[in-house]
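Structure file start.json (JSON, C-alpha atoms) follows.
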```json
[["chain", "number", "residue", "atom", "x", "y", "z"],
["J", 192, "MET", "CA", 131.71, 121.70, -56.87],
["J", 193, "ILE", "CA", 129.52, 123.61, -54.42],
["J", 194, "ILE", "CA", 127.71, 122.16, -51.40],
["J", 195, "GLN", "CA", 124.47, 123.99, -50.65],
["J", 196, "GLU", "CA", 122.69, 121.61, -48.28],
["J", 197, "PRO", "CA", 123.45, 122.01, -44.56],
["J", 198, "GLY", "CA", 125.21, 119.13, -42.84],
["J", 199, "PHE", "CA", 128.71, 117.96, -42.01],
["J", 200, "ILE", "CA", 131.31, 119.27, -44.46],
["J", 201, "THR", "CA", 134.06, 117.46, -42.57],
["J", 202, "PRO", "CA", 133.82, 115.58, -39.27],
["J", 203, "GLN", "CA", 134.86, 118.83, -37.57],
["J", 204, "VAL", "CA", 132.85, 121.43, -39.52],
["J", 205, "LEU", "CA", 129.05, 121.52, -39.59],
["J", 206, "PHE", "CA", 127.23, 123.69, -42.15],
["J", 207, "LEU", "CA", 124.19, 125.31, -40.50],
["J", 208, "GLY", "CA", 121.45, 127.66, -41.67],
["J", 209, "SER", "CA", 120.42, 127.51, -45.32],
["J", 210, "ARG", "CA", 121.76, 127.93, -48.83],
["J", 211, "ASN", "CA", 121.25, 131.70, -48.69],
["J", 212, "ILE", "CA", 122.28, 132.34, -45.08],
["J", 213, "CYS", "CA", 125.12, 130.07, -43.99],
["J", 214, "MET", "CA", 126.67, 129.59, -40.57],
["J", 215, "TYR", "CA", 129.33, 127.08, -39.59],
["J", 216, "LEU", "CA", 130.18, 125.23, -36.39],
["J", 217, "VAL", "CA", 133.90, 124.53, -36.10],
["J", 218, "MET", "CA", 134.42, 121.74, -33.59],
["J", 219, "GLY", "CA", 137.72, 121.34, -31.82],
["J", 220, "GLU", "CA", 137.87, 120.58, -28.11],
["J", 221, "GLN", "CA", 136.01, 123.87, -27.92],
["J", 222, "HIS", "CA", 133.57, 124.98, -30.61],
["J", 223, "ALA", "CA", 133.30, 128.24, -32.53],
["J", 224, "MET", "CA", 130.38, 129.37, -34.66],
["J", 225, "VAL", "CA", 131.43, 131.33, -37.76],
["J", 226, "GLY", "CA", 128.82, 133.74, -39.13],
["J", 227, "GLY", "CA", 126.20, 135.70, -37.23],
["J", 228, "GLY", "CA", 123.23, 134.80, -39.43],
["J", 229, "VAL", "CA", 119.84, 136.49, -39.46],
["J", 230, "ALA", "CA", 116.96, 136.69, -37.01],
["J", 231, "TRP", "CA", 114.50, 134.90, -39.30],
["J", 232, "GLU", "CA", 116.70, 131.76, -39.40],
["J", 233, "VAL", "CA", 116.96, 131.35, -35.60],
["J", 234, "SER", "CA", 114.30, 128.61, -35.37],
["J", 235, "ARG", "CA", 116.02, 126.65, -38.14],
["J", 236, "LEU", "CA", 119.38, 127.04, -36.37],
["J", 237, "GLU", "CA", 118.02, 125.69, -33.09],
["J", 238, "SER", "CA", 116.39, 122.73, -34.89],
["J", 239, "GLN", "CA", 119.66, 121.90, -36.63],
["J", 240, "LEU", "CA", 121.65, 122.05, -33.39],
["J", 241, "ASP", "CA", 119.09, 119.68, -31.88],
["J", 242, "HIS", "CA", 119.17, 117.37, -34.91],
["J", 243, "TYR", "CA", 122.95, 117.04, -34.81],
["J", 244, "ARG", "CA", 122.95, 116.80, -31.00],
["J", 245, "VAL", "CA", 125.32, 119.70, -30.55],
["J", 246, "ASP", "CA", 126.35, 120.37, -26.96],
["J", 247, "ARG", "CA", 125.72, 124.12, -26.74],
["J", 248, "GLU", "CA", 128.03, 124.37, -23.71],
["J", 249, "LYS", "CA", 130.98, 123.54, -25.96],
["J", 250, "ILE", "CA", 130.27, 126.54, -28.21],
["J", 251, "ARG", "CA", 132.62, 129.14, -26.72],
["J", 252, "TYR", "CA", 132.90, 131.69, -29.55],
["J", 253, "LEU", "CA", 130.83, 133.29, -32.30],
["J", 254, "VAL", "CA", 132.81, 135.00, -35.07],
["J", 255, "VAL", "CA", 131.06, 137.96, -36.74],
["J", 256, "SER", "CA", 132.63, 138.57, -40.15],
["J", 257, "HIS", "CA", 131.28, 142.12, -40.55],
["J", 258, "ALA", "CA", 128.58, 144.44, -39.26],
["J", 259, "HIS", "CA", 125.89, 143.97, -41.92],
["J", 260, "HIS", "CA", 122.47, 142.87, -40.72],
["J", 261, "ASP", "CA", 122.57, 139.61, -42.69],
["J", 262, "HIS", "CA", 125.81, 138.60, -40.96],
["J", 263, "CYS", "CA", 125.04, 139.53, -37.37],
["J", 264, "GLY", "CA", 121.23, 139.52, -37.17],
["J", 265, "ALA", "CA", 120.96, 136.34, -35.08],
["J", 266, "VAL", "CA", 123.66, 137.41, -32.62],
["J", 267, "PRO", "CA", 121.44, 139.31, -30.13],
["J", 268, "TYR", "CA", 119.23, 136.21, -29.76],
["J", 269, "ILE", "CA", 122.25, 133.89, -29.40],
["J", 270, "MET", "CA", 123.82, 136.13, -26.73],
["J", 271, "LYS", "CA", 120.63, 136.07, -24.66],
["J", 272, "LYS", "CA", 119.99, 132.35, -25.09],
["J", 273, "TYR", "CA", 123.62, 131.32, -24.55],
["J", 274, "PRO", "CA", 125.37, 134.02, -22.48],
["J", 275, "HIS", "CA", 128.56, 131.94, -22.20],
["J", 276, "ILE", "CA", 129.28, 132.39, -25.95],
["J", 277, "GLN", "CA", 131.87, 135.13, -26.54],
["J", 278, "ILE", "CA", 131.60, 137.37, -29.60],
["J", 279, "VAL", "CA", 134.67, 137.78, -31.86],
["J", 280, "ALA", "CA", 134.91, 140.54, -34.47],
["J", 281, "SER", "CA", 137.23, 143.17, -35.93],
["J", 282, "ALA", "CA", 137.73, 146.34, -33.91],
["J", 283, "TYR", "CA", 135.77, 148.42, -36.43],
["J", 284, "ALA", "CA", 132.88, 145.93, -36.49],
["J", 285, "ALA", "CA", 132.79, 146.14, -32.69],
["J", 286, "HIS", "CA", 132.49, 149.93, -33.02],
["J", 287, "ILE", "CA", 129.69, 149.71, -35.61],
["J", 288, "MET", "CA", 127.66, 147.14, -33.68],
["J", 289, "ASN", "CA", 127.53, 149.50, -30.71],
["J", 290, "LYS", "CA", 126.84, 152.69, -32.67],
["J", 291, "PRO", "CA", 123.23, 153.93, -32.14],
["J", 292, "GLN", "CA", 122.63, 154.96, -35.76],
["J", 293, "ALA", "CA", 123.87, 151.62, -37.13],
["J", 294, "ILE", "CA", 121.89, 149.66, -34.53],
["J", 295, "GLU", "CA", 118.71, 151.50, -35.46],
["J", 296, "LEU", "CA", 119.25, 150.88, -39.19],
["J", 297, "MET", "CA", 119.83, 147.13, -38.66],
["J", 298, "ARG", "CA", 116.85, 146.96, -36.31],
["J", 299, "SER", "CA", 114.66, 148.56, -38.98],
["J", 300, "VAL", "CA", 115.82, 146.25, -41.80],
["J", 301, "ASN", "CA", 115.50, 143.24, -39.49],
["J", 302, "ARG", "CA", 111.94, 144.19, -38.54],
["J", 303, "GLN", "CA", 110.91, 144.84, -42.17],
["J", 304, "THR", "CA", 112.20, 141.43, -43.23],
["J", 305, "LEU", "CA", 110.57, 139.55, -40.34],
["J", 306, "ASP", "CA", 107.27, 141.22, -41.23],
["J", 307, "ALA", "CA", 107.65, 140.54, -44.95],
["J", 308, "LEU", "CA", 108.35, 136.85, -44.29],
["J", 309, "LYS", "CA", 105.54, 136.68, -41.69],
["J", 310, "ARG", "CA", 107.94, 135.27, -39.09],
["J", 311, "PRO", "CA", 107.37, 135.48, -35.31],
["J", 312, "ASP", "CA", 109.04, 138.31, -33.42],
["J", 313, "SER", "CA", 110.46, 135.99, -30.75],
["J", 314, "VAL", "CA", 111.77, 132.44, -30.28],
["J", 315, "ASP", "CA", 111.60, 130.72, -26.87],
["J", 316, "ASP", "CA", 110.25, 134.04, -25.52],
["J", 317, "ILE", "CA", 113.46, 135.81, -26.59],
["J", 318, "PRO", "CA", 112.76, 138.85, -28.81],
["J", 319, "LEU", "CA", 114.35, 138.88, -32.25],
["J", 320, "ASP", "CA", 114.81, 142.65, -32.36],
["J", 321, "PHE", "CA", 118.32, 143.75, -33.20],
["J", 322, "GLN", "CA", 120.31, 145.19, -30.27],
["J", 323, "GLN", "CA", 123.86, 146.31, -29.60],
["J", 324, "ILE", "CA", 126.46, 143.54, -29.62],
["J", 325, "PRO", "CA", 129.25, 143.66, -27.03],
["J", 326, "VAL", "CA", 132.41, 142.12, -28.48],
["J", 327, "ALA", "CA", 134.59, 140.10, -26.12],
["J", 328, "HIS", "CA", 137.54, 139.64, -28.50],
["J", 329, "THR", "CA", 138.62, 142.11, -31.18],
["J", 330, "VAL", "CA", 140.92, 140.42, -33.67],
["J", 331, "GLY", "CA", 142.83, 141.25, -36.84],
["J", 332, "ASP", "CA", 145.83, 140.19, -38.91],
["J", 333, "GLY", "CA", 147.96, 137.61, -37.09],
["J", 334, "ASP", "CA", 145.43, 136.86, -34.36],
["J", 335, "HIS", "CA", 144.05, 133.37, -33.80],
["J", 336, "LEU", "CA", 141.78, 131.25, -31.63],
["J", 337, "ASP", "CA", 143.08, 127.88, -30.45],
["J", 338, "LEU", "CA", 140.06, 125.57, -30.29],
["J", 339, "GLY", "CA", 142.06, 122.51, -29.31],
["J", 340, "GLY", "CA", 143.02, 120.50, -32.39],
["J", 341, "LEU", "CA", 141.88, 123.27, -34.75],
["J", 342, "THR", "CA", 142.97, 126.88, -35.10],
["J", 343, "LEU", "CA", 141.05, 129.85, -36.49],
["J", 344, "ARG", "CA", 143.42, 132.40, -38.00],
["J", 345, "PHE", "CA", 142.12, 135.88, -38.81],
["J", 346, "PHE", "CA", 142.75, 138.43, -41.55],
["J", 347, "GLN", "CA", 141.40, 141.96, -41.86],
["J", 348, "THR", "CA", 140.00, 142.15, -45.37],
["J", 349, "PRO", "CA", 138.26, 145.49, -45.97],
["J", 350, "GLY", "CA", 136.66, 146.27, -49.30],
["J", 351, "HIS", "CA", 133.20, 144.75, -49.07],
["J", 352, "SER", "CA", 132.90, 146.69, -45.85],
["J", 353, "ARG", "CA", 135.42, 148.64, -43.84],
["J", 354, "CYS", "CA", 135.09, 146.15, -40.97],
["J", 355, "SER", "CA", 135.37, 142.85, -42.88],
["J", 356, "LEU", "CA", 137.15, 139.93, -41.22],
["J", 357, "THR", "CA", 137.95, 136.54, -42.72],
["J", 358, "ALA", "CA", 138.97, 133.30, -41.01],
["J", 359, "TYR", "CA", 141.07, 130.29, -42.02],
["J", 360, "ILE", "CA", 141.63, 126.82, -40.52],
["J", 361, "PRO", "CA", 145.17, 125.79, -41.54],
["J", 362, "GLU", "CA", 144.67, 122.20, -40.38],
["J", 363, "LEU", "CA", 141.82, 121.77, -42.90],
["J", 364, "GLU", "CA", 142.89, 124.41, -45.44],
["J", 365, "MET", "CA", 139.35, 125.77, -45.06],
["J", 366, "PHE", "CA", 138.63, 129.43, -45.68],
["J", 367, "PHE", "CA", 135.69, 131.52, -44.40],
["J", 368, "PRO", "CA", 135.56, 134.68, -46.55],
["J", 369, "ALA", "CA", 132.04, 135.96, -45.80],
["J", 370, "ASP", "CA", 131.62, 138.61, -48.55],
["J", 371, "SER", "CA", 135.30, 139.55, -48.88],
["J", 372, "VAL", "CA", 135.71, 137.18, -51.85],
["J", 373, "PRO", "CA", 133.39, 137.02, -54.89],
["J", 374, "PHE", "CA", 130.88, 134.19, -54.71],
["J", 375, "PRO", "CA", 129.85, 131.80, -57.52],
["J", 376, "ASP", "CA", 126.85, 132.61, -59.69],
["J", 377, "GLU", "CA", 125.72, 129.21, -60.96],
["J", 378, "GLU", "CA", 123.46, 130.58, -63.70],
["J", 379, "ARG", "CA", 126.13, 132.76, -65.29],
["J", 380, "GLN", "CA", 129.03, 130.42, -64.44],
["J", 381, "ASP", "CA", 130.77, 133.49, -63.11],
["J", 382, "LEU", "CA", 131.75, 135.17, -59.85],
["J", 383, "THR", "CA", 129.63, 137.93, -58.29],
["J", 384, "VAL", "CA", 131.89, 140.68, -56.97],
["J", 385, "SER", "CA", 130.83, 142.51, -53.81],
["J", 386, "ALA", "CA", 133.34, 145.36, -53.57],
["J", 387, "ASN", "CA", 130.61, 147.46, -51.97],
["J", 388, "HIS", "CA", 132.79, 149.82, -49.96],
["J", 389, "ASP", "CA", 136.08, 150.25, -51.81],
["J", 390, "TYR", "CA", 137.49, 148.52, -54.90],
["J", 391, "ASP", "CA", 141.13, 149.27, -54.09],
["J", 392, "ASP", "CA", 140.77, 147.84, -50.58],
["J", 393, "TYR", "CA", 138.90, 144.81, -51.96],
["J", 394, "LEU", "CA", 141.72, 144.05, -54.39],
["J", 395, "THR", "CA", 144.40, 144.62, -51.75],
["J", 396, "SER", "CA", 142.61, 142.22, -49.42],
["J", 397, "LEU", "CA", 142.44, 139.55, -52.14],
["J", 398, "GLU", "CA", 146.16, 139.98, -52.79],
["J", 399, "LYS", "CA", 146.82, 139.50, -49.07],
["J", 400, "LEU", "CA", 144.99, 136.15, -49.22],
["J", 401, "GLU", "CA", 146.85, 134.80, -52.28],
["J", 402, "PRO", "CA", 149.45, 132.79, -50.30],
["J", 403, "LEU", "CA", 146.78, 130.68, -48.56],
["J", 404, "ALA", "CA", 146.43, 127.02, -49.53],
["J", 405, "ILE", "CA", 142.67, 126.57, -49.89],
["J", 406, "ARG", "CA", 140.77, 123.29, -50.25],
["J", 407, "MET", "CA", 137.31, 124.55, -49.19],
["J", 408, "VAL", "CA", 135.66, 127.99, -49.26],
["J", 409, "ALA", "CA", 132.81, 128.30, -46.75],
["J", 410, "TYR", "CA", 130.76, 131.34, -47.77],
["J", 411, "GLU", "CA", 128.09, 132.93, -45.59],
["J", 412, "HIS", "CA", 125.91, 133.11, -48.71],
["J", 413, "GLY", "CA", 125.68, 130.28, -51.21],
["J", 414, "GLY", "CA", 127.35, 127.34, -49.50],
["J", 415, "VAL", "CA", 130.75, 125.66, -49.61],
["J", 416, "LEU", "CA", 133.02, 125.60, -52.66],
["J", 417, "THR", "CA", 135.30, 122.55, -52.94],
["J", 418, "GLY", "CA", 137.87, 120.99, -55.27],
["J", 419, "LYS", "CA", 139.77, 122.89, -57.94],
["J", 420, "ASP", "CA", 137.19, 125.70, -57.88],
["J", 421, "ALA", "CA", 138.12, 126.37, -54.26],
["J", 422, "GLY", "CA", 141.85, 126.09, -54.88],
["J", 423, "SER", "CA", 141.76, 128.73, -57.61],
["J", 424, "ILE", "CA", 139.30, 131.10, -55.95],
["J", 425, "ILE", "CA", 141.69, 133.94, -55.13],
["J", 426, "PRO", "CA", 143.31, 134.38, -58.57],
["J", 427, "ARG", "CA", 139.90, 134.02, -60.23],
["J", 428, "SER", "CA", 138.48, 136.60, -57.81],
["J", 429, "LEU", "CA", 141.22, 139.09, -58.60],
["J", 430, "GLU", "CA", 140.53, 138.70, -62.31],
["J", 431, "ALA", "CA", 136.74, 139.01, -61.85],
["J", 432, "THR", "CA", 137.08, 142.12, -59.68],
["J", 433, "ARG", "CA", 139.37, 143.90, -62.12],
["J", 434, "LYS", "CA", 137.10, 143.03, -65.03],
["J", 435, "GLN", "CA", 134.00, 144.27, -63.22],
["J", 436, "ARG", "CA", 135.63, 147.57, -62.35],
["J", 437, "GLU", "CA", 136.60, 147.98, -66.00],
["J", 438, "ARG", "CA", 133.03, 147.16, -67.14],
["J", 439, "ILE", "CA", 131.63, 149.82, -64.80],
["J", 440, "ARG", "CA", 134.07, 152.39, -66.13],
["J", 441, "ASN", "CA", 133.27, 151.51, -69.74],
["J", 442, "ARG", "CA", 129.52, 151.62, -69.12],
["J", 443, "TYR", "CA", 129.84, 155.03, -67.48],
["J", 444, "GLU", "CA", 131.65, 156.30, -70.57],
["J", 445, "GLU", "CA", 128.66, 155.12, -72.63],
["J", 446, "LEU", "CA", 125.92, 156.50, -70.38],
["J", 447, "GLN", "CA", 127.59, 159.61, -68.98],
["J", 448, "ASP", "CA", 124.99, 159.49, -66.21],
["J", 449, "LEU", "CA", 125.96, 158.26, -62.73],
["J", 450, "GLY", "CA", 122.38, 157.92, -61.48],
["J", 451, "LEU", "CA", 121.32, 155.88, -64.48],
["J", 452, "LEU", "CA", 124.35, 153.60, -64.11],
["J", 453, "VAL", "CA", 123.64, 152.99, -60.42],
["J", 454, "GLU", "CA", 119.98, 152.20, -61.17],
["J", 455, "GLU", "CA", 120.98, 149.77, -63.91],
["J", 456, "ILE", "CA", 123.53, 147.87, -61.80],
["J", 457, "ALA", "CA", 121.28, 147.84, -58.71],
["J", 458, "GLY", "CA", 118.55, 146.27, -60.83],
["J", 459, "LYS", "CA", 120.89, 143.48, -61.93],
["J", 460, "TYR", "CA", 121.95, 142.74, -58.35],
["J", 461, "HIS", "CA", 118.36, 142.86, -57.08],
["J", 462, "ALA", "CA", 117.41, 140.18, -59.63],
["J", 463, "LEU", "CA", 119.78, 137.72, -57.94],
["J", 464, "PRO", "CA", 118.04, 135.50, -55.33],
["J", 465, "LEU", "CA", 120.57, 136.53, -52.70],
["J", 466, "PHE", "CA", 119.58, 140.20, -52.86],
["J", 467, "GLN", "CA", 115.83, 139.97, -53.38],
["J", 468, "LEU", "CA", 115.07, 140.45, -49.67],
["J", 469, "VAL", "CA", 117.16, 143.63, -49.53],
["J", 470, "PRO", "CA", 114.94, 146.75, -49.83],
["J", 471, "PHE", "CA", 115.71, 148.28, -53.23],
["J", 472, "ASP", "CA", 116.44, 151.71, -51.76],
["J", 473, "THR", "CA", 119.03, 150.14, -49.47],
["J", 474, "LEU", "CA", 120.57, 148.18, -52.34],
["J", 475, "ARG", "CA", 120.65, 151.29, -54.52],
["J", 476, "ALA", "CA", 122.61, 153.16, -51.84],
["J", 477, "ILE", "CA", 125.09, 150.27, -51.53],
["J", 478, "ILE", "CA", 125.56, 150.02, -55.29],
["J", 479, "GLY", "CA", 125.94, 153.81, -55.50],
["J", 480, "ARG", "CA", 129.01, 153.69, -53.29],
["J", 481, "MET", "CA", 130.40, 150.68, -55.18],
["J", 482, "VAL", "CA", 130.04, 152.47, -58.51],
["J", 483, "ARG", "CA", 131.62, 155.69, -57.22],
["J", 484, "SER", "CA", 134.51, 153.62, -55.86],
["J", 485, "ALA", "CA", 135.00, 151.88, -59.22],
["J", 486, "LEU", "CA", 135.05, 155.28, -60.92],
["J", 487, "GLY", "CA", 137.49, 156.79, -58.42],
["J", 488, "LEU", "CA", 134.89, 159.30, -57.21],
["J", 489, "LEU", "CA", 135.13, 158.66, -53.44]]
```

Is it possible to express this structure as structure tokens?
Amino acid sequence: MIIQEPGFITPQVLFLGSRNICMYLVMGEQHAMVGGGVAWEVSRLESQLDHYRVDREKIRYLVVSHAHHDHCGAVPYIMKKYPHIQIVASAYAAHIMNKPQAIELMRSVNRQTLDALKRPDSVDDIPLDFQQIPVAHTVGDGDHLDLGGLTLRFFQTPGHSRCSLTAYIPELEMFFPADSVPFPDEERQDLTVSANHDYDDYLTSLEKLEPLAIRMVAYEHGGVLTGKDAGSIIPRSLEATRKQRERIRNRYEELQDLGLLVEEIAGKYHALPLFQLVPFDTLRAIIGRMVRSALGLL
């Protein structure tokens, strides 16, 4: 089963945002927000926090899973509106989110999307332009945040990106994979693999996660997976990733043309609702690296 409507998942975890861009509020004695969202969902986020009467002063942390614009785009606004919230990320994500070239790229994509959706460029007089993100806590394997009654444990899980970080609440057996684990495709009854940066790293990260007992998988795209589908997510993800890499290799043998293969796969990804807002040139570049990784050409 998958939950795609925002609201309380458990009495201590609130699903915020939307089906496509998910954020989560983990509520111990102190609160942590998991997922950095996007600028064009900021108004919705504020309305939801009001609706559920969330005391913003209790939100002490915001966990950024990785430095892609659709996972950290709302963070500059949140930092300005709520300066007491401390940003948590991997060391490499902290580096990327303060790198001028990366900041400019995310600012450009953010601006293009705001314009395409005809959204305002500010909320509560706070600009929605992307800016550098100072990280208060860099975390990795073995690190944790004690929220009082709940614990967030962290794992470095590169593969989707070099800087990917996942989180886990042992008390609830709830897992926050961002894009480090394939996500369900309801139409195809399959998993969509996002080994964008490196297939070997992606598989190694999945293997690292195999020992976890998982009852709920809270994605940053698509919602929350529950029940037996959640419990079997890691072995199914390993199988799906290996099969996709093999399909790419077999298709390359048929086409014998790397550019044509990249164009074909990028077109399939762009047809998915999740990727339709991504400029096709950007998606093509991402898929190009994924394909070269699958073929062992990096």

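Residue nearest J:Gln447 within the list J:Leu486, J:Ile276, J:Ile212, J:Val255: J:Leu486 [criterion: smallest interatomic distance, only C-alpha atoms].
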
Using all atoms listed in the file, find each residue in stretch 282-383 of chain J having at least one atom no more than 6 Å away from stretch 213-237 of chain J; report its shortest atom-to-atom pair and that distance in Å (one decimal), rows by chain then rising number, as a tab-separated table.
```
residue	atom	partner	partner_atom	distance
J:Leu319	CA	J:Ala230	CA	5.9
J:Leu338	CA	J:Gln221	CA	5.0
J:Gly339	CA	J:Glu220	CA	4.8
J:Gly340	CA	J:Gly219	CA	5.4
J:Leu341	CA	J:Gly219	CA	5.4
```

Give me the residues within 8 Å of J:Leu343 as an MDAnalysis selection string, counting all atoms listed in the file and dropping any in the same chain fewer than 5 places off.
chainID J and resid 335:338 358:361

Just the number, please: distance in Å from atom CA of J:Gly208 to atom CA of J:Val415, one decimal.
12.4 Å

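Restricting the calculation to only C-alpha atoms, the smallest distance between J:Ser423 and any of J:Val408, J:Ile287, J:Ser352, J:Val326 is found for J:Val408.
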
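Across the model, the gap from atom CA of J:Glu196 to atom CA of J:Gly413 is 9.6 Å.
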
Taking all atoms of stretch 313-323 of chain J that the file lists, what box with edges along x, y and z, padded by 6 Å per side, do you get, with centre and edge lengths in Å to one decimal, as lines of an AutoDock Vina configuration file?
```
center_x = 117.1
center_y = 138.5
center_z = -29.4
size_x = 25.6
size_y = 27.6
size_z = 19.7
```

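Nearest residue to J:Asn211 among J:Arg310, J:His412, J:Lys249, J:Arg406 is J:His412, counting all atoms listed in the file.
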
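Remark: for J:Ala386, the closest of the candidate residues J:Val482, J:Ala457, J:Met270, J:Leu451 is J:Val482 (distances computed over all atoms listed in the file).
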
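Distances from J:Thr304, J:Gln323, J:Ser428, J:Thr383 to J:Lys459 were compared using all atoms listed in the file, and the smallest one belongs to J:Thr383.
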
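Across the model, the gap from atom CA of J:Asp320 to atom CA of J:Arg353 is 24.3 Å.
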